[in-house]
Structure formats: C-alpha cells, structure tokens
file start_31.cif (mmCIF, C-alpha atoms)
data_data
loop_
_atom_site.label_atom_id
_atom_site.label_comp_id
_atom_site.auth_asym_id
_atom_site.auth_seq_id
_atom_site.Cartn_x
_atom_site.Cartn_y
_atom_site.Cartn_z
CA MET U 1 -24.28 4.81 15.78
CA THR U 2 -23.69 2.01 13.30
CA THR U 3 -26.28 0.86 10.85
CA ARG U 4 -26.63 -2.34 8.94
CA ALA U 5 -27.43 -2.25 5.26
CA THR U 6 -31.06 -2.29 4.29
CA PRO U 7 -31.67 -4.14 1.02
CA SER U 8 -32.16 -0.85 -0.82
CA GLU U 9 -28.95 0.60 0.62
CA ALA U 10 -26.95 -2.43 -0.47
CA ASP U 11 -28.64 -2.28 -3.87
CA ALA U 12 -27.68 1.37 -4.25
CA VAL U 13 -24.07 0.58 -3.40
CA GLU U 14 -24.03 -2.34 -5.81
CA ALA U 15 -25.40 -0.04 -8.52
CA ALA U 16 -22.67 2.51 -7.82
CA ASN U 17 -20.11 -0.28 -8.00
CA ALA U 18 -21.53 -1.47 -11.32
CA ALA U 19 -21.45 2.09 -12.66
CA PHE U 20 -17.72 2.19 -11.95
CA TYR U 21 -17.00 -0.86 -14.09
CA LEU U 22 -19.47 0.27 -16.78
CA ALA U 23 -17.65 3.61 -17.06
CA PHE U 24 -14.42 1.71 -17.73
CA GLU U 25 -16.10 -0.63 -20.23
CA GLN U 26 -17.57 2.32 -22.09
CA ALA U 27 -14.36 4.38 -21.76
CA ASP U 28 -16.61 7.18 -20.53
CA VAL U 29 -14.41 9.80 -18.86
CA ASP U 30 -17.39 11.87 -17.68
CA ALA U 31 -19.10 8.84 -16.12
CA MET U 32 -15.84 7.86 -14.42
CA ALA U 33 -15.54 11.39 -12.98
CA GLN U 34 -19.11 11.08 -11.68
CA VAL U 35 -18.36 7.73 -10.03
CA TRP U 36 -15.46 9.09 -7.95
CA ASP U 37 -16.13 11.36 -4.97
CA ASP U 38 -15.57 15.09 -5.37
CA GLU U 39 -16.53 16.18 -1.84
CA GLN U 40 -13.19 15.16 -0.34
CA PRO U 41 -10.97 15.11 -3.45
CA GLU U 42 -7.69 14.75 -1.58
CA ALA U 43 -8.93 11.58 0.14
CA LEU U 44 -9.24 9.52 -3.05
CA SER U 45 -6.85 6.63 -3.43
CA CYS U 46 -6.51 4.12 -6.23
CA ILE U 47 -4.24 1.10 -6.58
CA HIS U 48 -4.19 -0.49 -10.03
CA PRO U 49 -2.86 -4.09 -10.08
CA GLY U 50 0.86 -3.96 -9.43
CA TRP U 51 0.98 -0.17 -9.19
CA PRO U 52 1.94 2.00 -6.25
CA PRO U 53 -0.99 3.93 -4.74
CA LEU U 54 -2.28 7.06 -6.47
CA HIS U 55 -3.69 9.79 -4.24
CA GLY U 56 -6.05 12.66 -4.94
CA ARG U 57 -8.81 13.11 -7.48
CA ARG U 58 -6.59 14.63 -10.15
CA ALA U 59 -4.04 11.79 -10.20
CA VAL U 60 -6.71 9.10 -9.91
CA LEU U 61 -8.88 10.38 -12.75
CA ARG U 62 -5.83 10.97 -14.95
CA SER U 63 -4.84 7.33 -14.47
CA TRP U 64 -8.30 6.20 -15.55
CA SER U 65 -8.24 8.42 -18.60
CA ALA U 66 -4.90 6.89 -19.56
CA ALA U 67 -6.12 3.35 -18.87
CA MET U 68 -9.28 3.86 -20.89
CA ALA U 69 -7.41 5.50 -23.77
CA SER U 70 -5.01 2.56 -24.01
CA THR U 71 -7.64 -0.19 -23.83
CA ASP U 72 -9.33 -1.23 -27.04
CA SER U 73 -12.16 -3.05 -25.35
CA ILE U 74 -12.70 -4.49 -21.92
CA GLN U 75 -15.53 -6.29 -20.23
CA PHE U 76 -16.00 -7.15 -16.56
CA VAL U 77 -17.95 -9.97 -15.02
CA LEU U 78 -18.04 -9.48 -11.26
CA THR U 79 -18.25 -12.51 -8.99
CA ASP U 80 -18.00 -13.14 -5.24
CA LEU U 81 -19.51 -9.70 -4.63
CA HIS U 82 -19.80 -8.65 -0.98
CA VAL U 83 -21.32 -5.35 0.17
CA HIS U 84 -21.14 -4.02 3.72
CA VAL U 85 -22.82 -0.72 4.57
CA GLU U 86 -22.22 0.90 7.94
CA GLY U 87 -22.94 4.53 8.67
CA GLY U 88 -22.02 6.63 5.65
CA THR U 89 -19.40 4.21 4.35
CA ALA U 90 -19.78 1.10 2.23
CA VAL U 91 -17.13 -1.51 1.49
CA VAL U 92 -17.41 -3.71 -1.59
CA THR U 93 -15.15 -6.64 -2.36
CA CYS U 94 -15.42 -8.57 -5.59
CA THR U 95 -13.51 -10.62 -8.12
CA GLU U 96 -13.08 -8.80 -11.43
CA ASN U 97 -13.21 -11.34 -14.25
CA VAL U 98 -11.86 -9.44 -17.22
CA LEU U 99 -12.05 -9.93 -20.97
CA THR U 100 -9.93 -7.60 -23.09
CA GLY U 101 -9.22 -6.92 -26.74
CA GLY U 102 -10.67 -8.46 -29.88
CA ILE U 103 -11.18 -12.06 -30.92
CA ALA U 104 -7.70 -12.39 -32.36
CA ASP U 105 -5.56 -10.81 -29.65
CA GLY U 106 -7.89 -10.69 -26.69
CA GLY U 107 -7.07 -11.93 -23.26
CA ALA U 108 -8.78 -12.92 -20.07
CA GLY U 109 -7.76 -12.51 -16.48
CA ALA U 110 -8.96 -11.91 -13.00
CA ALA U 111 -8.21 -9.54 -10.17
CA VAL U 112 -9.62 -8.99 -6.70
CA ALA U 113 -10.87 -5.56 -5.73
CA THR U 114 -11.79 -3.65 -2.62
CA ASN U 115 -13.89 -0.53 -3.28
CA VAL U 116 -14.91 1.96 -0.58
CA PHE U 117 -17.86 4.26 -1.22
CA ARG U 118 -19.03 7.28 0.81
CA ARG U 119 -22.65 8.36 1.02
CA ARG U 120 -23.04 11.88 -0.38
CA GLU U 121 -26.12 14.00 -0.98
CA ASP U 122 -26.25 12.80 -4.58
CA GLY U 123 -25.59 9.16 -3.82
CA TRP U 124 -22.72 6.76 -3.21
CA ARG U 125 -19.38 8.01 -4.51
CA LEU U 126 -16.15 6.00 -4.81
CA GLN U 127 -13.31 7.04 -2.51
CA VAL U 128 -10.97 4.02 -2.60
CA HIS U 129 -10.26 1.39 -5.26
CA HIS U 130 -7.64 -1.28 -4.69
CA ALA U 131 -7.26 -4.02 -7.30
CA GLY U 132 -4.68 -6.77 -7.04
CA PRO U 133 -3.78 -9.79 -9.15
CA LEU U 134 -4.73 -13.32 -8.14
CA MET U 135 -2.02 -15.90 -7.57
CA SER U 136 -3.33 -18.04 -10.45
CA GLU U 137 -2.77 -15.02 -12.71
CA LEU U 138 0.71 -14.40 -11.32
CA GLU U 139 1.71 -17.98 -12.08
CA ALA U 140 0.27 -17.90 -15.61
CA MET K 1 -22.07 14.99 8.51
CA THR K 2 -18.46 14.35 7.51
CA THR K 3 -15.52 15.23 9.67
CA ARG K 4 -11.92 15.77 8.82
CA ALA K 5 -9.24 14.11 10.87
CA THR K 6 -7.87 16.03 13.80
CA PRO K 7 -4.18 15.34 14.44
CA SER K 8 -5.02 13.15 17.43
CA GLU K 9 -7.58 11.15 15.41
CA ALA K 10 -5.07 10.48 12.64
CA ASP K 11 -2.47 9.59 15.28
CA ALA K 12 -4.85 7.10 16.87
CA VAL K 13 -5.53 5.48 13.49
CA GLU K 14 -1.83 5.36 12.71
CA ALA K 15 -1.23 3.68 16.08
CA ALA K 16 -3.94 1.09 15.35
CA ASN K 17 -2.34 0.47 11.96
CA ALA K 18 1.09 0.04 13.58
CA ALA K 19 -0.40 -2.38 16.12
CA PHE K 20 -1.61 -4.55 13.24
CA TYR K 21 1.87 -4.93 11.78
CA LEU K 22 3.43 -5.33 15.24
CA ALA K 23 1.04 -8.21 16.00
CA PHE K 24 2.29 -9.96 12.84
CA GLU K 25 5.95 -9.23 13.65
CA GLN K 26 5.51 -10.64 17.13
CA ALA K 27 3.31 -13.54 15.93
CA ASP K 28 0.90 -12.53 18.69
CA VAL K 29 -2.44 -14.21 17.99
CA ASP K 30 -4.18 -12.39 20.86
CA ALA K 31 -2.94 -9.00 19.72
CA MET K 32 -4.05 -9.79 16.16
CA ALA K 33 -7.52 -10.71 17.45
CA GLN K 34 -7.64 -7.38 19.30
CA VAL K 35 -6.65 -5.43 16.18
CA TRP K 36 -9.56 -6.80 14.10
CA ASP K 37 -13.11 -5.61 14.75
CA ASP K 38 -15.46 -7.88 16.69
CA GLU K 39 -18.55 -5.64 16.63
CA GLN K 40 -19.49 -6.58 13.06
CA PRO K 41 -17.63 -9.89 12.66
CA GLU K 42 -19.27 -10.86 9.38
CA ALA K 43 -18.12 -7.62 7.76
CA LEU K 44 -14.40 -8.35 8.01
CA SER K 45 -12.56 -8.92 4.77
CA CYS K 46 -8.92 -9.68 4.15
CA ILE K 47 -6.99 -10.10 0.91
CA HIS K 48 -3.46 -11.44 1.28
CA PRO K 49 -1.19 -10.79 -1.75
CA GLY K 50 -2.39 -13.00 -4.59
CA TRP K 51 -5.16 -14.61 -2.52
CA PRO K 52 -8.88 -14.52 -3.10
CA PRO K 53 -10.78 -12.51 -0.46
CA LEU K 54 -11.46 -14.00 2.94
CA HIS K 55 -14.66 -12.95 4.68
CA GLY K 56 -15.72 -13.03 8.31
CA ARG K 57 -13.74 -12.83 11.52
CA ARG K 58 -13.25 -16.58 11.86
CA ALA K 59 -11.72 -17.08 8.40
CA VAL K 60 -9.65 -13.91 8.63
CA LEU K 61 -8.12 -14.66 12.03
CA ARG K 62 -7.46 -18.27 11.05
CA SER K 63 -5.49 -17.05 8.03
CA TRP K 64 -3.36 -14.84 10.25
CA SER K 65 -2.71 -17.64 12.70
CA ALA K 66 -1.54 -19.79 9.78
CA ALA K 67 0.58 -16.99 8.33
CA MET K 68 2.20 -16.25 11.67
CA ALA K 69 2.82 -19.93 12.41
CA SER K 70 4.59 -20.39 9.07
CA THR K 71 6.77 -17.28 9.26
CA ASP K 72 10.08 -17.55 11.13
CA SER K 73 10.56 -13.83 11.42
CA ILE K 74 9.20 -10.82 9.64
CA GLN K 75 9.70 -7.09 9.94
CA PHE K 76 7.74 -4.27 8.34
CA VAL K 77 8.90 -0.79 7.48
CA LEU K 78 5.88 1.24 6.36
CA THR K 79 6.37 4.04 3.87
CA ASP K 80 4.09 6.34 1.87
CA LEU K 81 1.57 6.21 4.74
CA HIS K 82 -1.71 8.07 4.13
CA VAL K 83 -4.51 8.32 6.69
CA HIS K 84 -7.98 9.69 5.96
CA VAL K 85 -10.55 9.85 8.77
CA GLU K 86 -14.15 10.70 7.98
CA GLY K 87 -17.02 10.01 10.35
CA GLY K 88 -16.45 6.69 12.07
CA THR K 89 -14.32 5.22 9.29
CA ALA K 90 -10.63 5.62 8.55
CA VAL K 91 -8.77 4.55 5.43
CA VAL K 92 -5.04 3.91 5.54
CA THR K 93 -2.87 3.22 2.51
CA CYS K 94 0.79 2.36 2.83
CA THR K 95 3.66 0.49 1.26
CA GLU K 96 4.71 -2.53 3.31
CA ASN K 97 8.46 -2.97 2.99
CA VAL K 98 9.06 -6.46 4.31
CA LEU K 99 12.11 -8.29 5.61
CA THR K 100 11.68 -12.00 6.29
CA GLY K 101 13.73 -14.91 7.61
CA GLY K 102 17.25 -15.05 8.96
CA ILE K 103 20.52 -13.72 7.61
CA ALA K 104 21.18 -16.80 5.49
CA ASP K 105 17.82 -17.39 3.86
CA GLY K 106 16.03 -14.10 4.43
CA GLY K 107 14.27 -12.12 1.79
CA ALA K 108 12.94 -8.67 1.19
CA GLY K 109 9.92 -7.48 -0.69
CA ALA K 110 7.23 -4.88 -0.84
CA ALA K 111 3.48 -4.79 -1.10
CA VAL K 112 0.88 -2.05 -1.12
CA ALA K 113 -1.94 -2.14 1.41
CA THR K 114 -5.30 -0.54 1.98
CA ASN K 115 -6.59 -0.88 5.54
CA VAL K 116 -10.05 0.29 6.68
CA PHE K 117 -10.64 0.90 10.38
CA ARG K 118 -13.94 1.55 12.20
CA ARG K 119 -14.21 3.67 15.32
CA ARG K 120 -15.54 1.55 18.20
CA GLU K 121 -16.04 2.36 21.87
CA ASP K 122 -12.64 0.88 22.68
CA GLY K 123 -10.81 2.49 19.76
CA TRP K 124 -10.11 1.94 16.08
CA ARG K 125 -10.60 -1.64 14.93
CA LEU K 126 -9.57 -3.13 11.58
CA GLN K 127 -12.40 -4.17 9.25
CA VAL K 128 -10.68 -4.49 5.86
CA HIS K 129 -7.12 -5.36 4.85
CA HIS K 130 -6.14 -5.63 1.20
CA ALA K 131 -2.48 -6.21 0.35
CA GLY K 132 -1.23 -6.59 -3.20
CA PRO K 133 2.18 -7.09 -4.78
CA LEU K 134 4.02 -4.30 -6.56
CA MET K 135 4.90 -4.65 -10.25
CA SER K 136 8.63 -4.52 -9.44
CA GLU K 137 8.08 -7.55 -7.21
CA LEU K 138 6.07 -9.38 -9.85
CA GLU K 139 8.87 -8.93 -12.36
CA ALA K 140 11.56 -10.03 -9.93
#
call {"tool": "encode", "arguments": {"input": "start_31.cif", "output": "structure tokens"}}
result
Amino acid sequence: MTTRATPSEADAVEAANAAFYLAFEQADVDAMAQVWDDEQPEALSCIHPGWPPLHGRRAVLRSWSAAMASTDSIQFVLTDLHVHVEGGTAVVTCTENVLTGGIADGGAGAAVATNVFRRREDGWRLQVHHAGPLMSELEA
Amino acid sequence: MTTRATPSEADAVEAANAAFYLAFEQADVDAMAQVWDDEQPEALSCIHPGWPPLHGRRAVLRSWSAAMASTDSIQFVLTDLHVHVEGGTAVVTCTENVLTGGIADGGAGAAVATNVFRRREDGWRLQVHHAGPLMSELEA
C-alpha cells in the first residue's frame, strides 16, 4: 500500500517544490496558481511566518498575490532539503534562505518550511505550505 | 484515487491528533512513541517553534523526551482545527493555545501547527509536526 520514492519521483517533487519558490521570485501569479492544487481546493492550507493559517484556494492564492505585489525582489536558496514520497502524497521540508530588496535596503533571513504535495494527473500539486521563523531570526 | 473524509475517518484523525497533545500534557514518553509512526521511521520530521527541522524517529522522539522532561506542566486548548483526509494521508492544522507552569510562574501562548498523519494497520500515526509562533507572540 505504501511506496517509497523512486529517484524520478523524488526529482519530480523537488522540481514542483522549486517551481513554487520560482513563482514567488518571479512574482508570477499564473505560475503560483499552477503550483497549488485545484482538485481539492478547500483542502489547501498555508501558514506564512507568524500568520494564522489560511484555508482554501481562494484565500491562499490571494495571500500570495498580495505578498508578491508588496515584494520588490526576493530570492530563495533552499538548503537541508528532505523529500519523502509515499503513495500519492509527498512531504518536503527545507530551510528557506531568503534575500530581499535591493543593494541599499535589502535584507536576508531564513525560515523553515514544510510543504505537502499531492500527485495529480498533471503532476505534483501543492496542498500545504507552512513556513516558520528560525530562533536565530527571532533573536535578531 | 482520492477519497474524501467520512465523518468517522475525520474523527479518528482528530482523536490521533488529540492523543499527541495529551501525551505531551501527561509527559508520557510511551504514549508519545505510540503517536509517531514507526513504519517509515526515517520519514518523520518535526519542527518545534523556532527550531530547525529534526528528521528521523530517533531524533524526533529524543526531542520530545527532552521537552517533556523540562516542562513542569503544560495544557493545550486546540482551536481553529481543520482535518483533511485523502487516501492514506491526513493533514491537520490547528492553533495550539498553551498554558504552562504553575499559578505563580505560569505563562500562556499560542502557536500554529500542521500535523500530517499516515493511515497504518493499527490506526493513524504522526509523520510530520510543524509548529510555529504567531506574530502576536513574536511581538509580545
């Protein structure tokens, strides 16, 4: 009943995960909509760092549109990436190392994320994103 | 291929989720070990608020033993509980309203959590726990 990830499965999940962060970097609303699952729209949940949970595709995508509209530039370097595929569900955890803004007023930070993807006919789609701050960031 | 939660399925997941918090409240190491999955031990991941991710059953359970040993008393009231069951995987999000310590030196706080359970032969077992602080807590 359970399956372990084949290399290609894990690769496909990692690509879907990368597409999520790329959509944010490029402030691409259409790409972000494609990343998130639309087969079970009510099941989506998203927790931005420090925020209460958002539920449902409409609220989640609206939050990303707002986040992307209010971010001049952002770049992610993902580290400590773990992928676990079992059945039709994949769990990714990673550290999001973030660079924001321009040279003059830019900042850097890090958060930890858990992302849950579901296997659909057209590929792996994001159902759950939970990002939280790291203690070192909280103290800074 | 996907299934929606029947009431009894969602109830069973909610009970497994409650058992997780009860194990912490009661500082019951055996109950905590029973809550977490042992079928795919390497797949476990746990993010305590502000911590980097822990991976694997050994590291995860050790962190809970340490947390329970260093906590005099703790009580959870869960609010905003959402359960989504699909196939053999369930996702729970909730707000953890926490009371700690005695009357004199006790504190209160809140965190948001995403918990992923897998359906095993003996019931729903926890594979992923991610808890993060709320902004109101960060500012306090």
call {"tool": "resolve_selection", "arguments": {"input": "start_31.cif", "expression": "the PyMOL selection byres ((chain K) within 8 of (chain U))", "output": "compact mmCIF listing (two decimals) with C-alpha atoms, keeping the file's coordinate frame"}}
result
# COMPACT_ATOMS: atom_id res chain seq x y z
CA ALA K 43 -18.12 -7.62 7.76
CA SER K 45 -12.56 -8.92 4.77
CA PRO K 49 -1.19 -10.79 -1.75
CA GLY K 50 -2.39 -13.00 -4.59
CA TRP K 51 -5.16 -14.61 -2.52
CA PRO K 52 -8.88 -14.52 -3.10
CA PRO K 53 -10.78 -12.51 -0.46
CA HIS K 84 -7.98 9.69 5.96
CA GLY K 87 -17.02 10.01 10.35
CA GLY K 88 -16.45 6.69 12.07
CA THR K 89 -14.32 5.22 9.29
CA THR K 93 -2.87 3.22 2.51
CA CYS K 94 0.79 2.36 2.83
CA THR K 95 3.66 0.49 1.26
CA VAL K 112 0.88 -2.05 -1.12
CA THR K 114 -5.30 -0.54 1.98
CA HIS K 130 -6.14 -5.63 1.20
CA ALA K 131 -2.48 -6.21 0.35
CA GLY K 132 -1.23 -6.59 -3.20
CA PRO K 133 2.18 -7.09 -4.78
CA LEU K 134 4.02 -4.30 -6.56
CA MET K 135 4.90 -4.65 -10.25
CA SER K 136 8.63 -4.52 -9.44
CA LEU K 138 6.07 -9.38 -9.85
call {"tool": "calpha_fit_and_write", "arguments": {"input": "start_31.cif", "fixed": "chain U", "moving": "chain K", "output": "mmCIF file with C-alpha atoms, in the frame of the given file"}}
result
data_model
loop_
_atom_site.group_PDB
_atom_site.id
_atom_site.type_symbol
_atom_site.label_atom_id
_atom_site.label_comp_id
_atom_site.auth_asym_id
_atom_site.auth_seq_id
_atom_site.Cartn_x
_atom_site.Cartn_y
_atom_site.Cartn_z
ATOM 1 C CA MET K 1 -24.188 4.711 15.869
ATOM 2 C CA THR K 2 -23.651 1.953 13.310
ATOM 3 C CA THR K 3 -26.287 0.826 10.889
ATOM 4 C CA ARG K 4 -26.658 -2.359 8.967
ATOM 5 C CA ALA K 5 -27.443 -2.250 5.291
ATOM 6 C CA THR K 6 -31.070 -2.319 4.297
ATOM 7 C CA PRO K 7 -31.681 -4.151 1.015
ATOM 8 C CA SER K 8 -32.178 -0.863 -0.826
ATOM 9 C CA GLU K 9 -28.944 0.583 0.616
ATOM 10 C CA ALA K 10 -26.939 -2.447 -0.489
ATOM 11 C CA ASP K 11 -28.654 -2.280 -3.888
ATOM 12 C CA ALA K 12 -27.689 1.370 -4.261
ATOM 13 C CA VAL K 13 -24.062 0.574 -3.410
ATOM 14 C CA GLU K 14 -24.051 -2.346 -5.815
ATOM 15 C CA ALA K 15 -25.411 -0.042 -8.532
ATOM 16 C CA ALA K 16 -22.668 2.521 -7.829
ATOM 17 C CA ASN K 17 -20.101 -0.274 -8.015
ATOM 18 C CA ALA K 18 -21.544 -1.471 -11.341
ATOM 19 C CA ALA K 19 -21.454 2.097 -12.677
ATOM 20 C CA PHE K 20 -17.719 2.198 -11.963
ATOM 21 C CA TYR K 21 -17.009 -0.855 -14.099
ATOM 22 C CA LEU K 22 -19.467 0.282 -16.789
ATOM 23 C CA ALA K 23 -17.643 3.626 -17.061
ATOM 24 C CA PHE K 24 -14.411 1.704 -17.747
ATOM 25 C CA GLU K 25 -16.105 -0.636 -20.245
ATOM 26 C CA GLN K 26 -17.550 2.320 -22.106
ATOM 27 C CA ALA K 27 -14.348 4.399 -21.764
ATOM 28 C CA ASP K 28 -16.595 7.205 -20.528
ATOM 29 C CA VAL K 29 -14.386 9.811 -18.855
ATOM 30 C CA ASP K 30 -17.376 11.867 -17.666
ATOM 31 C CA ALA K 31 -19.082 8.857 -16.129
ATOM 32 C CA MET K 32 -15.819 7.882 -14.416
ATOM 33 C CA ALA K 33 -15.524 11.404 -12.980
ATOM 34 C CA GLN K 34 -19.089 11.093 -11.669
ATOM 35 C CA VAL K 35 -18.361 7.734 -10.025
ATOM 36 C CA TRP K 36 -15.454 9.104 -7.942
ATOM 37 C CA ASP K 37 -16.126 11.373 -4.968
ATOM 38 C CA ASP K 38 -15.565 15.110 -5.371
ATOM 39 C CA GLU K 39 -16.524 16.186 -1.837
ATOM 40 C CA GLN K 40 -13.181 15.155 -0.329
ATOM 41 C CA PRO K 41 -10.957 15.120 -3.432
ATOM 42 C CA GLU K 42 -7.682 14.748 -1.555
ATOM 43 C CA ALA K 43 -8.928 11.586 0.145
ATOM 44 C CA LEU K 44 -9.239 9.524 -3.031
ATOM 45 C CA SER K 45 -6.854 6.631 -3.417
ATOM 46 C CA CYS K 46 -6.511 4.129 -6.216
ATOM 47 C CA ILE K 47 -4.243 1.108 -6.579
ATOM 48 C CA HIS K 48 -4.192 -0.485 -10.022
ATOM 49 C CA PRO K 49 -2.860 -4.087 -10.084
ATOM 50 C CA GLY K 50 0.871 -3.953 -9.416
ATOM 51 C CA TRP K 51 0.962 -0.146 -9.185
ATOM 52 C CA PRO K 52 1.944 2.006 -6.254
ATOM 53 C CA PRO K 53 -0.984 3.952 -4.751
ATOM 54 C CA LEU K 54 -2.277 7.061 -6.457
ATOM 55 C CA HIS K 55 -3.690 9.790 -4.238
ATOM 56 C CA GLY K 56 -6.043 12.668 -4.938
ATOM 57 C CA ARG K 57 -8.802 13.108 -7.480
ATOM 58 C CA ARG K 58 -6.574 14.632 -10.150
ATOM 59 C CA ALA K 59 -4.027 11.790 -10.189
ATOM 60 C CA VAL K 60 -6.700 9.114 -9.904
ATOM 61 C CA LEU K 61 -8.871 10.392 -12.753
ATOM 62 C CA ARG K 62 -5.827 10.967 -14.951
ATOM 63 C CA SER K 63 -4.839 7.322 -14.470
ATOM 64 C CA TRP K 64 -8.286 6.193 -15.561
ATOM 65 C CA SER K 65 -8.236 8.421 -18.611
ATOM 66 C CA ALA K 66 -4.889 6.870 -19.566
ATOM 67 C CA ALA K 67 -6.122 3.341 -18.880
ATOM 68 C CA MET K 68 -9.280 3.864 -20.900
ATOM 69 C CA ALA K 69 -7.406 5.502 -23.778
ATOM 70 C CA SER K 70 -5.013 2.549 -24.012
ATOM 71 C CA THR K 71 -7.635 -0.198 -23.824
ATOM 72 C CA ASP K 72 -9.344 -1.238 -27.068
ATOM 73 C CA SER K 73 -12.165 -3.041 -25.351
ATOM 74 C CA ILE K 74 -12.716 -4.487 -21.933
ATOM 75 C CA GLN K 75 -15.554 -6.302 -20.229
ATOM 76 C CA PHE K 76 -16.002 -7.151 -16.564
ATOM 77 C CA VAL K 77 -17.955 -9.982 -15.026
ATOM 78 C CA LEU K 78 -18.027 -9.480 -11.252
ATOM 79 C CA THR K 79 -18.242 -12.506 -9.000
ATOM 80 C CA ASP K 80 -17.997 -13.141 -5.255
ATOM 81 C CA LEU K 81 -19.527 -9.692 -4.649
ATOM 82 C CA HIS K 82 -19.803 -8.640 -0.987
ATOM 83 C CA VAL K 83 -21.323 -5.350 0.161
ATOM 84 C CA HIS K 84 -21.148 -4.021 3.719
ATOM 85 C CA VAL K 85 -22.824 -0.702 4.554
ATOM 86 C CA GLU K 86 -22.230 0.910 7.923
ATOM 87 C CA GLY K 87 -22.963 4.553 8.647
ATOM 88 C CA GLY K 88 -22.025 6.639 5.634
ATOM 89 C CA THR K 89 -19.404 4.215 4.337
ATOM 90 C CA ALA K 90 -19.774 1.095 2.227
ATOM 91 C CA VAL K 91 -17.137 -1.520 1.487
ATOM 92 C CA VAL K 92 -17.411 -3.710 -1.589
ATOM 93 C CA THR K 93 -15.150 -6.652 -2.362
ATOM 94 C CA CYS K 94 -15.412 -8.575 -5.598
ATOM 95 C CA THR K 95 -13.506 -10.617 -8.127
ATOM 96 C CA GLU K 96 -13.089 -8.798 -11.434
ATOM 97 C CA ASN K 97 -13.196 -11.342 -14.241
ATOM 98 C CA VAL K 98 -11.862 -9.435 -17.219
ATOM 99 C CA LEU K 99 -12.059 -9.941 -20.966
ATOM 100 C CA THR K 100 -9.945 -7.610 -23.090
ATOM 101 C CA GLY K 101 -9.252 -6.946 -26.763
ATOM 102 C CA GLY K 102 -10.714 -8.490 -29.879
ATOM 103 C CA ILE K 103 -11.212 -12.092 -30.910
ATOM 104 C CA ALA K 104 -7.716 -12.418 -32.355
ATOM 105 C CA ASP K 105 -5.584 -10.823 -29.671
ATOM 106 C CA GLY K 106 -7.927 -10.727 -26.695
ATOM 107 C CA GLY K 107 -7.095 -11.949 -23.259
ATOM 108 C CA ALA K 108 -8.792 -12.920 -20.064
ATOM 109 C CA GLY K 109 -7.751 -12.491 -16.486
ATOM 110 C CA ALA K 110 -8.958 -11.898 -12.992
ATOM 111 C CA ALA K 111 -8.199 -9.539 -10.164
ATOM 112 C CA VAL K 112 -9.610 -8.993 -6.703
ATOM 113 C CA ALA K 113 -10.874 -5.556 -5.727
ATOM 114 C CA THR K 114 -11.801 -3.645 -2.619
ATOM 115 C CA ASN K 115 -13.888 -0.537 -3.280
ATOM 116 C CA VAL K 116 -14.911 1.966 -0.572
ATOM 117 C CA PHE K 117 -17.863 4.259 -1.232
ATOM 118 C CA ARG K 118 -19.043 7.281 0.794
ATOM 119 C CA ARG K 119 -22.664 8.350 1.012
ATOM 120 C CA ARG K 120 -23.048 11.875 -0.395
ATOM 121 C CA GLU K 121 -26.130 14.002 -0.991
ATOM 122 C CA ASP K 122 -26.275 12.816 -4.594
ATOM 123 C CA GLY K 123 -25.600 9.153 -3.825
ATOM 124 C CA TRP K 124 -22.722 6.770 -3.216
ATOM 125 C CA ARG K 125 -19.382 8.014 -4.510
ATOM 126 C CA LEU K 126 -16.155 6.015 -4.814
ATOM 127 C CA GLN K 127 -13.307 7.039 -2.498
ATOM 128 C CA VAL K 128 -10.965 4.030 -2.595
ATOM 129 C CA HIS K 129 -10.256 1.402 -5.249
ATOM 130 C CA HIS K 130 -7.637 -1.278 -4.688
ATOM 131 C CA ALA K 131 -7.256 -4.008 -7.306
ATOM 132 C CA GLY K 132 -4.680 -6.765 -7.041
ATOM 133 C CA PRO K 133 -3.791 -9.787 -9.151
ATOM 134 C CA LEU K 134 -4.734 -13.313 -8.143
ATOM 135 C CA MET K 135 -2.015 -15.913 -7.542
ATOM 136 C CA SER K 136 -3.312 -18.035 -10.440
ATOM 137 C CA GLU K 137 -2.745 -15.018 -12.683
ATOM 138 C CA LEU K 138 0.722 -14.383 -11.293
ATOM 139 C CA GLU K 139 1.730 -17.954 -12.052
ATOM 140 C CA ALA K 140 0.292 -17.878 -15.556
#
call {"tool": "resolve_selection", "arguments": {"input": "start_31.cif", "expression": "the PyMOL selection byres ((chain U and resi 75) around 8)", "output": "number ranges by chain"}}
result
U: 25, 73-74, 76-77, 98-100
call {"tool": "write_last_selection", "arguments": {"input": "start_31.cif", "atoms": "C-alpha atoms", "output": "PDB file, keeping the file's coordinate frame"}}
result
ATOM      1  CA  GLU U  25     -16.100  -0.630 -20.230  1.00  0.00           C
ATOM      2  CA  SER U  73     -12.160  -3.050 -25.350  1.00  0.00           C
ATOM      3  CA  ILE U  74     -12.700  -4.490 -21.920  1.00  0.00           C
ATOM      4  CA  PHE U  76     -16.000  -7.150 -16.560  1.00  0.00           C
ATOM      5  CA  VAL U  77     -17.950  -9.970 -15.020  1.00  0.00           C
ATOM      6  CA  VAL U  98     -11.860  -9.440 -17.220  1.00  0.00           C
ATOM      7  CA  LEU U  99     -12.050  -9.930 -20.970  1.00  0.00           C
ATOM      8  CA  THR U 100      -9.930  -7.600 -23.090  1.00  0.00           C
TER       9      THR U 100
END
call {"tool": "residues_near_point", "arguments": {"input": "start_31.cif", "point": "(-2.2, -4.7, 11.9)", "cutoff": "10 Å", "atoms": "only C-alpha atoms", "output": "list in words"}}
result
Ala15, Ala16, Asn17, Ala18, Ala19, Phe20, Tyr21, Leu22, Ala23, Phe24, Glu25, Ala31, Met32, Ala33, Gln34, Val35, Trp36, Asn115, Arg125, Leu126 and His129 of chain K
call {"tool": "atom_distance", "arguments": {"input": "start_31.cif", "atom1": "atom CA of U:Gly109", "atom2": "atom CA of K:Arg57"}}
result
28.6 Å
call {"tool": "atom_distance", "arguments": {"input": "start_31.cif", "atom1": "atom CA of U:Asp11", "atom2": "atom CA of U:Trp124"}}
result
10.8 Å
call {"tool": "axis_aligned_box", "arguments": {"input": "start_31.cif", "around": "stretch 60-74 of chain K", "padding_each_side": "5 Å", "output": "lines of an AutoDock Vina configuration file"}}
result
center_x = 0.5
center_y = -15.6
center_z = 10.4
size_x = 30.2
size_y = 19.6
size_z = 14.7
call {"tool": "atom_distance", "arguments": {"input": "start_31.cif", "atom1": "atom CA of U:Gly123", "atom2": "atom CA of U:Asp37"}}
result
9.8 Å
call {"tool": "closest_residue", "arguments": {"input": "start_31.cif", "among": "U:Met68, U:Asn97, U:Ala110, U:Leu81", "to": "U:Val13", "atoms": "all atoms listed in the file"}}
result
U:Leu81
call {"tool": "closest_residue", "arguments": {"input": "start_31.cif", "among": "K:Asp38, K:Thr71, K:Gly107, K:Asp122", "to": "K:Gln26", "atoms": "all atoms listed in the file"}}
result
K:Thr71
